[in-house]
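Peer 1: Input: one structure, supplied below.
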Amino acid sequence: MNGFAFLRAAMVSLVCLPIQLHAAEDWPTYAGQEGGDRYSTLDQINVENVDQLEVAWSYRTGEIEKYKAIEWAIGFESTPILLPQDAGQHLILCTPLNRIIALDPATGEERWIYDPNMNKVPWAGRFNCKGTTHWEDPLAATDAQCKHRLILATNDRKLHAIDARNGTFCPAFGEGAPIDVTPLVDALEPKNQTRGFQLRSPVAIVNGVIILGGTANKFKDLSSNNGAVRAFDARTGDLKWVFDTLIREPEGSPEASDYTVGGANVWTNMSWDSTRDLVFIPTASASPNFYGKYRPGDNRYANSILAIRAATGELVWHQQLLHHDVWDWDLPTNPILADITKDGEKIPVVVQLTKMGMVFVFHRETGEPYFEIEERPVPTNGMPGDQLSPTQPFPVKPEPLVRQGISPDDAWGVTFWDKGKCREAIESMNYGPMYNPITDQKTLMFPQVGGGMNWAGGSFDPRTNMLVTPVAQFPYWVQLVPNSEIDPKSAQNPRAGAPEGPPGYMTGSDYGIMQGPLLSPFGA
């Protein structure tokens, strides 16, 4: 995850036209509807009047002002959701410290606040909440308490169910108290980094089943945390199933005897298809980031789409989009569920955007590639003892959305002088094609750990079969540093090992890491 690409602010603004509001359209999940297509039929704002937009209101959460001492650990990334009329039609957002705030969408007036009283000790380096998820209980009476629920997963590993109408805790959930997920995390090895394991992203809710991922410190410890996906009953909070996302004891790897491999977690959001009872789960790399000596093989289920039966936890199909990841190219955003119209027939597909700038498309029910995928040779001259995959999957269509790889000829500058300096900087590093291995020299990545398509995701227009997505393109370097050469004092810095921070230890590994963007002498 791109550690410096978050907003250091805590304000929500709404822009609108200076004309009468039209009827609202519900937006019950982080990415719109359950399929995550971020598509709306609303057309009040369009190309003819977009230049007339004005600020209608603004609202400050007050988090940074209230918690100055931990300001460095606060990142505001919440995407609000809009509830249906019978749930109050509140605009719902969550703050970095997991307060849920309900606003009047037309005026910005505060309606209610739910405070989970979260533990505010920043074990994992920062606080964040990307959003909440709305669920309507089809078995409850129209006016029943908690007929409409908001499910919140908090940084301190708690699961809350709140009445969406008034912001009170649902008494039948978790026997009247939030569910502490920590014992479940500790029940499955590895658990070295449990204090740093957080719940930041919105949950999936499929036919009354809550599916939960989590964020782990994959660059702090060789074994990190288990990346298991867990499911709970949305009414009671009872645990339904656990799916282990990684095989942790690779056959024939004695190096793994002292440390079990973690990661393959789901730090981003998911999508689901209630009709088919499927949840589509994008997984991260195995631990540790950037160094794979202790996790030989492809690392099954890491860097993959998992299609899981929500009722049972059964794996229906999976596709791995990157083998033996040493680039921190986690699957960063929810798969988009779309119906592609071809020759008059609608075909249900899953579209996965990636940090490599490639778009993978699969049949939703079978996992068969919609466009052909080729295994192409890639460099394998990585660190000694690290068995890199000799091939990586490349979709034949569509073409990559970003450039892949970099050379000194790509240097750019405002002036002849800084262009030359940029060229020299590239020449001094380990540069090359996209899958150039990370080494103990500064290795230049293009695309970087936060691009081409990161957690912002994309949108699919079913009328035109068109996918629209932002991309990130800038060069970025990563370097493995022997742990024996890392200053113990600087390694205590909360930013150690993070982008632009000092070198960070990787417990149990031969190496720690440094990483950051490639900048010109002018900072460009």
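Chain labels follow the order of the structure tokens: the first chain is A, the next B, and so on; residue numbering restarts at 1 in every chain, and ligands are counted from 1 in their shown order.
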Using only C-alpha atoms, determine which residues lie at most 9 Å from Ala204 in chain A, disregarding the query and same-chain residues fewer than 4 positions distant; provide the list as a ChimeraX atom specification.

Peer 2: /A:29,34,133,209-212,269-272,279

Peer 1: Would you mind exporting N, CA, C and O atoms of the selected residues as a PDB file, in the first residue's frame?

Peer 2:
```pdb
ATOM      1  N   THR A  29     -22.612   0.961  -0.337  1.00  0.00           N
ATOM      2  CA  THR A  29     -21.287   0.412  -0.032  1.00  0.00           C
ATOM      3  C   THR A  29     -20.215   1.367  -0.542  1.00  0.00           C
ATOM      4  O   THR A  29     -20.483   2.304  -1.299  1.00  0.00           O
ATOM      5  N   GLU A  34     -23.241  -3.573  -4.622  1.00  0.00           N
ATOM      6  CA  GLU A  34     -22.433  -4.691  -4.139  1.00  0.00           C
ATOM      7  C   GLU A  34     -21.396  -5.165  -5.152  1.00  0.00           C
ATOM      8  O   GLU A  34     -20.357  -5.699  -4.768  1.00  0.00           O
ATOM      9  N   THR A 133     -20.356  -0.325   5.769  1.00  0.00           N
ATOM     10  CA  THR A 133     -21.229  -1.032   4.829  1.00  0.00           C
ATOM     11  C   THR A 133     -22.639  -1.115   5.412  1.00  0.00           C
ATOM     12  O   THR A 133     -22.819  -1.426   6.593  1.00  0.00           O
ATOM     13  N   VAL A 209     -24.130 -12.529   5.697  1.00  0.00           N
ATOM     14  CA  VAL A 209     -22.817 -12.981   6.155  1.00  0.00           C
ATOM     15  C   VAL A 209     -21.811 -11.839   5.979  1.00  0.00           C
ATOM     16  O   VAL A 209     -21.654 -11.310   4.873  1.00  0.00           O
ATOM     17  N   ILE A 210     -21.159 -11.470   7.064  1.00  0.00           N
ATOM     18  CA  ILE A 210     -20.113 -10.435   7.033  1.00  0.00           C
ATOM     19  C   ILE A 210     -18.791 -11.103   6.716  1.00  0.00           C
ATOM     20  O   ILE A 210     -18.400 -12.077   7.365  1.00  0.00           O
ATOM     21  N   ILE A 211     -18.069 -10.588   5.713  1.00  0.00           N
ATOM     22  CA  ILE A 211     -16.737 -11.113   5.370  1.00  0.00           C
ATOM     23  C   ILE A 211     -15.730 -10.027   5.658  1.00  0.00           C
ATOM     24  O   ILE A 211     -15.868  -8.882   5.219  1.00  0.00           O
ATOM     25  N   LEU A 212     -14.671 -10.403   6.397  1.00  0.00           N
ATOM     26  CA  LEU A 212     -13.735  -9.442   6.974  1.00  0.00           C
ATOM     27  C   LEU A 212     -12.301  -9.772   6.599  1.00  0.00           C
ATOM     28  O   LEU A 212     -11.876 -10.928   6.696  1.00  0.00           O
ATOM     29  N   ASN A 269     -10.946  -3.312  -0.213  1.00  0.00           N
ATOM     30  CA  ASN A 269     -12.351  -3.708  -0.149  1.00  0.00           C
ATOM     31  C   ASN A 269     -12.668  -4.843  -1.124  1.00  0.00           C
ATOM     32  O   ASN A 269     -11.876  -5.155  -2.014  1.00  0.00           O
ATOM     33  N   MET A 270     -13.817  -5.458  -0.920  1.00  0.00           N
ATOM     34  CA  MET A 270     -14.246  -6.618  -1.697  1.00  0.00           C
ATOM     35  C   MET A 270     -15.521  -6.295  -2.477  1.00  0.00           C
ATOM     36  O   MET A 270     -16.135  -5.250  -2.266  1.00  0.00           O
ATOM     37  N   SER A 271     -15.912  -7.196  -3.352  1.00  0.00           N
ATOM     38  CA  SER A 271     -17.186  -7.098  -4.076  1.00  0.00           C
ATOM     39  C   SER A 271     -17.926  -8.413  -3.917  1.00  0.00           C
ATOM     40  O   SER A 271     -17.317  -9.438  -3.596  1.00  0.00           O
ATOM     41  N   TRP A 272     -19.257  -8.379  -4.183  1.00  0.00           N
ATOM     42  CA  TRP A 272     -19.999  -9.611  -4.018  1.00  0.00           C
ATOM     43  C   TRP A 272     -21.213  -9.657  -4.930  1.00  0.00           C
ATOM     44  O   TRP A 272     -21.670  -8.644  -5.443  1.00  0.00           O
ATOM     45  N   VAL A 279     -18.530 -14.056  -2.887  1.00  0.00           N
ATOM     46  CA  VAL A 279     -17.764 -12.863  -2.549  1.00  0.00           C
ATOM     47  C   VAL A 279     -16.438 -12.959  -3.294  1.00  0.00           C
ATOM     48  O   VAL A 279     -15.832 -14.026  -3.371  1.00  0.00           O
TER      49      VAL A 279
END
```

Peer 1: Which residues, written as a list in words, have at least one atom at most 8 Å from Arg126 in chain A, with only C-alpha atoms counted and residues fewer than 6 positions away on the same chain left out?

Peer 2: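 Everything that qualifies: Trp72, Ala73, Ile74 and Gly75 of chain A.
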
Peer 1: List every residue of range 370-444 of chain A that has an atom at most 12 Å from any atom of range 496-510 of chain A, and for each one report the closest atom pair and its distance in Å to one decimal, counting only C-alpha atoms, with rows sorted by chain and then by increasing residue number, as a Markdown table.

Peer 2:
```
| residue | atom | partner | partner_atom | distance |
| --- | --- | --- | --- | --- |
| A:Met383 | CA | A:Asp510 | CA | 10.9 |
| A:Pro384 | CA | A:Asp510 | CA | 11.1 |
| A:Gly385 | CA | A:Asp510 | CA | 11.2 |
| A:Asp386 | CA | A:Asp510 | CA | 11.8 |
| A:Asp440 | CA | A:Asp510 | CA | 11.0 |
```

Peer 1: How would the residues just picked look written out with N, CA, C and O atoms as a CSV table (one decimal), in the first residue's frame?

Peer 2:
```
chain,number,residue,atom,x,y,z
A,383,MET,N,17.8,-11.7,-5.5
A,383,MET,CA,18.8,-11.9,-4.4
A,383,MET,C,19.1,-13.4,-4.3
A,383,MET,O,18.3,-14.3,-4.6
A,384,PRO,N,20.3,-13.7,-3.8
A,384,PRO,CA,20.7,-15.1,-3.6
A,384,PRO,C,19.8,-15.9,-2.7
A,384,PRO,O,19.4,-15.4,-1.7
A,385,GLY,N,19.3,-17.1,-3.2
A,385,GLY,CA,18.4,-17.9,-2.4
A,385,GLY,C,17.0,-17.6,-2.6
A,385,GLY,O,16.1,-18.4,-2.2
A,386,ASP,N,16.7,-16.5,-3.3
A,386,ASP,CA,15.3,-16.2,-3.6
A,386,ASP,C,14.9,-16.8,-5.0
A,386,ASP,O,15.5,-16.4,-6.0
A,440,ASP,N,19.9,-5.5,-3.3
A,440,ASP,CA,20.5,-4.7,-2.3
A,440,ASP,C,21.1,-3.4,-2.9
A,440,ASP,O,21.7,-2.7,-2.2
```

Peer 1: Extract, using only C-alpha atoms, all DNA, RNA and protein residues at most 7 Å from range 312-322 of chain A, discarding same-chain residues fewer than 6 positions from it, and format them as a VMD selection string.

Peer 2: chain A and resid 241 to 243 301 303 to 306 366 to 367 392 to 393

Peer 1: Find the spatial neighbours of Gln145 in chain A, counting only C-alpha atoms, within a cut-off of 12 Å - ignore same-chain residues fewer than 5 positions away - and output them as JSON, numbers by chain.

Peer 2: {"A": [87, 136, 137, 139, 140, 161, 162, 163, 164, 165, 166, 167, 168, 169, 170, 171, 172, 173, 235]}

Peer 1: Tell me which protein, DNA and RNA residues are within 8 Å of Gly108 in chain A, counting only C-alpha atoms, leaving out same-chain ones fewer than 6 positions away, and put them as a list in words.

Peer 2: Trp57, Ser58 and Tyr59 of chain A

Peer 1: Export, as an mmCIF file, in the first residue's frame, the selected residues with C-alpha atoms.

Peer 2:
```cif
data_model
loop_
_atom_site.group_PDB
_atom_site.id
_atom_site.type_symbol
_atom_site.label_atom_id
_atom_site.label_comp_id
_atom_site.auth_asym_id
_atom_site.auth_seq_id
_atom_site.Cartn_x
_atom_site.Cartn_y
_atom_site.Cartn_z
ATOM 1 C CA TRP A 57 -21.506 23.051 2.562
ATOM 2 C CA SER A 58 -18.464 21.641 4.356
ATOM 3 C CA TYR A 59 -18.036 19.644 7.546
#
```

Peer 1: Could you find all residues in range 176-392 of chain A that DSSP calls strand (DSSP E) from the backbone, and write them as a PyMOL selection string?

Peer 2: chain A and resi 179-180+204-206+209-212+229-233+239-243+271-273+278-282+304-309+315-320+336-342+345-353+359-363+373-377+391-392
